[in-house]
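To keep things clear, I will list the structure first and then write my remarks on it.
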Amino acid sequence: CSTLAAFSYFKAINSSPLDGDTWKKMGRTFFLIHVVSIIGIVVVLFYLLFNHHFEYYYVWRHSSSDLAMRYVFSCFWEGQEGSFLLWSLWHAVLGVILMKTAKQWEAGTLAVVSTVQLLLGSMLLGVYVFDVQIGSNPFILLREHPDMINLPFVQNPDYLSFVEGTGLNPLLQNYWMTIHPPILFLGFALTLIPFAFAFASLVEKKYTEWLKPALPWTFAGIAILGLGVLMGGAWAYEALSFGGFWAWDPVENSSLVPWLILVGAGHLMLINKVKPNSMLSTYLFALFSFLLIMYSSYLTKSGILGETSVHSFADGLPGQLIFILLVLVVAAVSLLVLRYKSLPKQQTEEDLWSREFWMFLGALVLLISSFQITFSTSIPVINAIFGTNM
């Protein structure tokens with residue numbers, strides 16, 4: 001349904017008003033079915049966790065019957081599949097709000113949101129194509145999981161009578177981990193909306209009109225993602241005994257950098273809303289705030305930081321995550337390059353003491369800081385690519 005919604009909304013962008021309305025209605029229908037489907041999947045997984053259905057590998061792997069009920073929520077997003085589901089759920093909710101509020105931007109922004117939902121949804125398929133695994137299914141049975149299928153106890157027809165879940169990581173049995181991930185993933189999801197507005201404006205060649213409707217979403221993302229990062233710092237301080245606000249674990253770095261870029265994007269958007277002189281930098285900041293979220297997901301979920309971070313996933317689907325990241329980067333950068341010559345250009349130099357000059361300079365400082373942090377955090381990736389040991 002997300003695929004059909006994306007197709008319908010893209011068709012609506014360049015169609016005649018009559019055909020555009022028809023395509024838009026189809027897009028709404030498919031997207032709403034997609035939203036209901038996502039909610040249904042989330043409800044089913046929570047039901048299995050709360051009722052201790054250990055015949056499912058995900059439930060067995062991440063929960064136990066003696067776990068305090070408030071921590072069952074943490075079990076949902078402890079695993080890679082649950083975190084992708086949580087992320088998709090927030091995208092779905094924000095998409096419905098966009099559908100009601102975006103007006104003339106509905107087709108362009110929902111086309112982007114639906115496409116991203118398609119890519120995230122592929123991470124939950126759990127199917128094989130020519131021996132290549134696409135996604136990981138949260139509903140695979142314990143006795144059918146590749147890691148368990150040959151173990152003797154699952155051959156016992158009555159094995160569920162004595163099976164107990166492995167439980168939740170003690171580090172995650174903390175009240176912060178009940179509220180921190182939903183806030184953080186809402187912040188992640190909110191970075192998609194400025195990205196969607198920027199991408200849609202490039203497609204439709206409306207280079208300044210998108211700034212006003214995108215600004216409230218941008219500053220909502222700044223506030224909520226910033227709150228999520230602070231909550232992560234509080235959890236790290238309590239649970240990991242870092243002796244300070246995280247002593248810079250790579251996973252925290254990877255969520256801080258997109259926030260820095262989003263802060264820069266918000267301030268550049270404020271400048272260009274009044275005086276559209278630096279649209280290229282505005283587009284770069286708006287687009288890369290979300291692209292860096294996707295890169296953060298690769299670092300966290302691919303297993304590349306398994307030996308350097310205390311709370312990244314030890315394994316994952318790195319090839320698929322790289323493919324998704326490349327699709328989004330290539331699409332965004334290619335479109336920006338294609339439209340570069342038609343972007344509004346600065347006609348005169350800004351005065352040294354002008355507000356615009358210093359806000360741009362502040363955004364540049366944030367960009368340099370983000371590059372330095374990203375480079376240091378990506379050392380395991382560099383080592384893996386070049387076979388070095390930095």
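If you're wondering about the labels, chains in the structure tokens are A, B, ... by order shown, residues count from 1 in each chain, ligands from 1 in order shown.
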Could you make a table, as a tab-separated table, of the residues of region 252-296 of chain A that have an atom within 7 Å of an atom of region 170-193 of chain A, each with its nearest atom pair and distance in Å to one decimal, counting only C-alpha atoms, in chain and number order?
```
residue	atom	partner	partner_atom	distance
A:Ser289	CA	A:Thr191	CA	6.3
A:Phe290	CA	A:Thr191	CA	5.2
A:Ile293	CA	A:Phe188	CA	6.5
```
Resulting file, chosen residues, N, CA and C atoms, as a PDB file, in the first residue's frame:
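Result saved to part-v5.pdb:
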```pdb
ATOM      1  N   SER A 289      19.735  16.517   7.126  1.00  0.00           N
ATOM      2  CA  SER A 289      19.312  16.206   8.498  1.00  0.00           C
ATOM      3  C   SER A 289      18.643  14.840   8.538  1.00  0.00           C
ATOM      4  N   PHE A 290      17.821  14.527   7.520  1.00  0.00           N
ATOM      5  CA  PHE A 290      17.195  13.206   7.474  1.00  0.00           C
ATOM      6  C   PHE A 290      18.158  12.143   6.953  1.00  0.00           C
ATOM      7  N   ILE A 293      20.128  10.897   9.643  1.00  0.00           N
ATOM      8  CA  ILE A 293      19.355   9.974  10.483  1.00  0.00           C
ATOM      9  C   ILE A 293      19.449   8.563   9.901  1.00  0.00           C
TER      10      ILE A 293
END
```
Going by DSSP on the backbone, which residues of region 156-292 of chain A come out as alpha helix (DSSP H)? List them as a ChimeraX atom specification. /A:176-204,211-239,250-274,279-292
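For the atom pair formed by CA of Glu55 (chain A) and CA of Leu141 (chain A), the distance is 5.7 Å, given to one decimal.
What separates CA of Leu270 (chain A) from CA of Ser114 (chain A) is a distance of 27.3 Å.
Residues in contact with Leu287 (chain A) at up to 10 Å, not including ones fewer than 2 positions away on its chain and judged by only C-alpha atoms, are Thr191, Leu192, Ile193, Pro194, Phe195, Ala196, Phe197, Ala198, Phe199, Ile261, Leu262, Ala265, Ser281, Thr282, Tyr283, Leu284, Phe285, Ser289, Phe290, Leu291, Leu292, Leu328, Val329, Ala332, Val333 and Leu336 of chain A.
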Taken to one decimal, the CA of Met279 (chain A)-CA of Tyr207 (chain A) distance is 7.8 Å
Find the nearest atom pair between each residue of region 114-185 of chain A and region 26-44 of chain A for residues within 10 Å, count only C-alpha atoms, give distances in Å to one decimal, sort rows by chain and ascending number, and present the table as a tab-separated table.
```
residue	atom	partner	partner_atom	distance
A:Ser114	CA	A:Phe31	CA	7.3
A:Gln117	CA	A:His34	CA	9.1
A:Leu118	CA	A:His34	CA	9.9
A:Gly121	CA	A:Ile38	CA	9.3
A:Pro138	CA	A:Ile41	CA	9.7
A:Phe139	CA	A:Val44	CA	9.5
```
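Close contacts of Ser122 (chain A), defined as residues with an atom at most 9 Å away when counting only C-alpha atoms, with chain neighbours fewer than 2 positions off set aside, comprise A:Gln117, A:Leu118, A:Leu119, A:Leu120, A:Leu124, A:Leu125, A:Gly126, A:Ile134, A:Gly135, A:Ser136, A:Gln320.
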Skipping near chain neighbours, those fewer than 4 positions away, what residues fall within 10 Å of Gly82 (chain A) using only C-alpha atoms, listed as a short mmCIF file (atom, residue, chain, number, x, y, z; two decimals) with all heavy atoms, in the first residue's frame?
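The result, written out as around.cif:
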```cif
data_model
loop_
_atom_site.label_atom_id
_atom_site.label_comp_id
_atom_site.auth_asym_id
_atom_site.auth_seq_id
_atom_site.Cartn_x
_atom_site.Cartn_y
_atom_site.Cartn_z
N VAL A 42 1.73 -3.35 14.96
CA VAL A 42 2.21 -2.92 16.28
C VAL A 42 1.35 -3.52 17.38
O VAL A 42 1.87 -4.03 18.39
CB VAL A 42 2.22 -1.38 16.36
CG1 VAL A 42 2.49 -0.91 17.80
CG2 VAL A 42 3.28 -0.80 15.43
N LEU A 45 2.09 -7.28 17.83
CA LEU A 45 3.36 -7.56 18.49
C LEU A 45 3.29 -7.24 19.98
O LEU A 45 3.82 -7.99 20.81
CB LEU A 45 4.49 -6.77 17.82
CG LEU A 45 5.91 -7.14 18.26
CD1 LEU A 45 6.18 -8.63 18.14
CD2 LEU A 45 6.94 -6.34 17.46
N PHE A 46 2.63 -6.13 20.34
CA PHE A 46 2.44 -5.83 21.76
C PHE A 46 1.61 -6.91 22.44
O PHE A 46 1.91 -7.31 23.58
CB PHE A 46 1.77 -4.46 21.94
CG PHE A 46 2.73 -3.33 22.11
CD1 PHE A 46 2.72 -2.24 21.26
CD2 PHE A 46 3.66 -3.34 23.15
CE1 PHE A 46 3.62 -1.20 21.41
CE2 PHE A 46 4.56 -2.30 23.32
CZ PHE A 46 4.54 -1.22 22.44
N TYR A 58 10.96 -13.41 18.42
CA TYR A 58 11.16 -12.04 18.90
C TYR A 58 10.72 -11.91 20.35
O TYR A 58 11.39 -11.26 21.17
CB TYR A 58 10.38 -11.06 18.03
CG TYR A 58 10.75 -9.61 18.25
CD1 TYR A 58 11.82 -9.04 17.55
CD2 TYR A 58 10.07 -8.80 19.15
CE1 TYR A 58 12.19 -7.71 17.75
CE2 TYR A 58 10.42 -7.48 19.37
CZ TYR A 58 11.48 -6.95 18.66
OH TYR A 58 11.85 -5.63 18.87
N SER A 74 9.73 -1.64 26.65
CA SER A 74 11.12 -1.63 26.23
C SER A 74 11.45 -2.85 25.38
O SER A 74 12.29 -2.78 24.47
CB SER A 74 12.06 -1.57 27.44
OG SER A 74 11.82 -0.41 28.21
N CYS A 75 10.80 -3.99 25.68
CA CYS A 75 11.03 -5.20 24.89
C CYS A 75 10.64 -4.97 23.43
O CYS A 75 11.27 -5.52 22.52
CB CYS A 75 10.21 -6.37 25.44
SG CYS A 75 10.61 -6.82 27.13
N PHE A 76 9.59 -4.18 23.23
CA PHE A 76 9.11 -3.93 21.86
C PHE A 76 10.20 -3.31 21.01
O PHE A 76 10.43 -3.73 19.87
CB PHE A 76 7.88 -3.02 21.91
CG PHE A 76 7.28 -2.74 20.55
CD1 PHE A 76 6.26 -3.53 20.06
CD2 PHE A 76 7.74 -1.68 19.78
CE1 PHE A 76 5.71 -3.28 18.81
CE2 PHE A 76 7.20 -1.42 18.53
CZ PHE A 76 6.18 -2.22 18.04
N TRP A 77 10.87 -2.28 21.52
CA TRP A 77 11.85 -1.58 20.68
C TRP A 77 13.29 -1.97 21.00
O TRP A 77 14.22 -1.36 20.50
CB TRP A 77 11.69 -0.07 20.79
CG TRP A 77 11.41 0.47 22.14
CD1 TRP A 77 12.26 0.58 23.20
CD2 TRP A 77 10.15 1.01 22.59
NE1 TRP A 77 11.64 1.14 24.27
CE2 TRP A 77 10.33 1.42 23.94
CE3 TRP A 77 8.91 1.20 22.00
CZ2 TRP A 77 9.31 2.00 24.69
CZ3 TRP A 77 7.89 1.76 22.74
CH2 TRP A 77 8.10 2.15 24.07
N GLU A 78 13.49 -3.01 21.82
CA GLU A 78 14.87 -3.47 22.04
C GLU A 78 15.44 -4.09 20.77
O GLU A 78 16.60 -3.90 20.43
CB GLU A 78 14.95 -4.49 23.16
CG GLU A 78 16.39 -4.92 23.44
CD GLU A 78 16.50 -6.16 24.32
OE1 GLU A 78 15.54 -6.95 24.38
OE2 GLU A 78 17.56 -6.33 24.94
N LEU A 86 8.46 0.97 15.27
CA LEU A 86 8.18 2.21 16.00
C LEU A 86 8.41 3.41 15.10
O LEU A 86 7.60 4.36 15.07
CB LEU A 86 9.07 2.29 17.24
CG LEU A 86 8.95 3.55 18.11
CD1 LEU A 86 7.54 3.69 18.66
CD2 LEU A 86 9.98 3.53 19.23
N TRP A 87 9.50 3.39 14.36
CA TRP A 87 9.84 4.48 13.43
C TRP A 87 8.76 4.61 12.35
O TRP A 87 8.28 5.72 12.06
CB TRP A 87 11.19 4.17 12.81
CG TRP A 87 11.88 5.31 12.16
CD1 TRP A 87 11.42 6.60 12.02
CD2 TRP A 87 13.16 5.28 11.54
NE1 TRP A 87 12.35 7.36 11.36
CE2 TRP A 87 13.43 6.58 11.05
CE3 TRP A 87 14.12 4.27 11.35
CZ2 TRP A 87 14.60 6.89 10.38
CZ3 TRP A 87 15.29 4.59 10.68
CH2 TRP A 87 15.53 5.88 10.21
N SER A 88 8.35 3.48 11.77
CA SER A 88 7.32 3.50 10.74
C SER A 88 5.99 3.99 11.29
O SER A 88 5.23 4.68 10.59
CB SER A 88 7.14 2.10 10.14
OG SER A 88 8.29 1.69 9.43
N LEU A 124 11.31 -5.28 7.26
CA LEU A 124 10.49 -6.18 8.09
C LEU A 124 9.96 -7.37 7.30
O LEU A 124 9.16 -8.14 7.83
CB LEU A 124 9.30 -5.40 8.67
CG LEU A 124 9.66 -4.24 9.60
CD1 LEU A 124 8.45 -3.36 9.86
CD2 LEU A 124 10.23 -4.74 10.90
N PRO A 138 9.52 -10.03 12.34
CA PRO A 138 9.36 -10.12 13.80
C PRO A 138 8.42 -11.24 14.25
O PRO A 138 8.30 -11.49 15.45
CB PRO A 138 8.79 -8.74 14.18
CG PRO A 138 8.08 -8.28 12.96
CD PRO A 138 8.86 -8.83 11.80
#
```
Quick one: everything within 10 Å of Ile373 (chain A), counting only C-alpha atoms, minus sequence neighbours fewer than 2 positions away in the same chain. Send it as a ChimeraX atom specification. /A:248,250,253-254,256-257,367-371,375-378
Restricting the output to C-alpha atoms, write the selected residues as a PDB file, in the first residue's frame.
```pdb
ATOM      1  CA  TRP A 248      30.502  10.054  23.799  1.00  0.00           C
ATOM      2  CA  PRO A 250      29.114   6.378  19.085  1.00  0.00           C
ATOM      3  CA  ASN A 253      27.045  10.824  18.499  1.00  0.00           C
ATOM      4  CA  SER A 254      25.072   9.464  15.568  1.00  0.00           C
ATOM      5  CA  LEU A 256      23.393  14.248  17.982  1.00  0.00           C
ATOM      6  CA  VAL A 257      24.782  15.084  14.530  1.00  0.00           C
ATOM      7  CA  LEU A 367      28.258  21.870   9.948  1.00  0.00           C
ATOM      8  CA  ILE A 368      31.983  21.734  10.770  1.00  0.00           C
ATOM      9  CA  SER A 369      31.236  20.289  14.220  1.00  0.00           C
ATOM     10  CA  SER A 370      28.965  17.668  12.662  1.00  0.00           C
ATOM     11  CA  PHE A 371      31.636  16.685  10.147  1.00  0.00           C
ATOM     12  CA  PHE A 375      34.274  11.363  10.950  1.00  0.00           C
ATOM     13  CA  SER A 376      35.378  10.195  14.407  1.00  0.00           C
ATOM     14  CA  THR A 377      32.235   8.102  14.867  1.00  0.00           C
ATOM     15  CA  SER A 378      32.697   6.532  11.414  1.00  0.00           C
TER      16      SER A 378
END
```
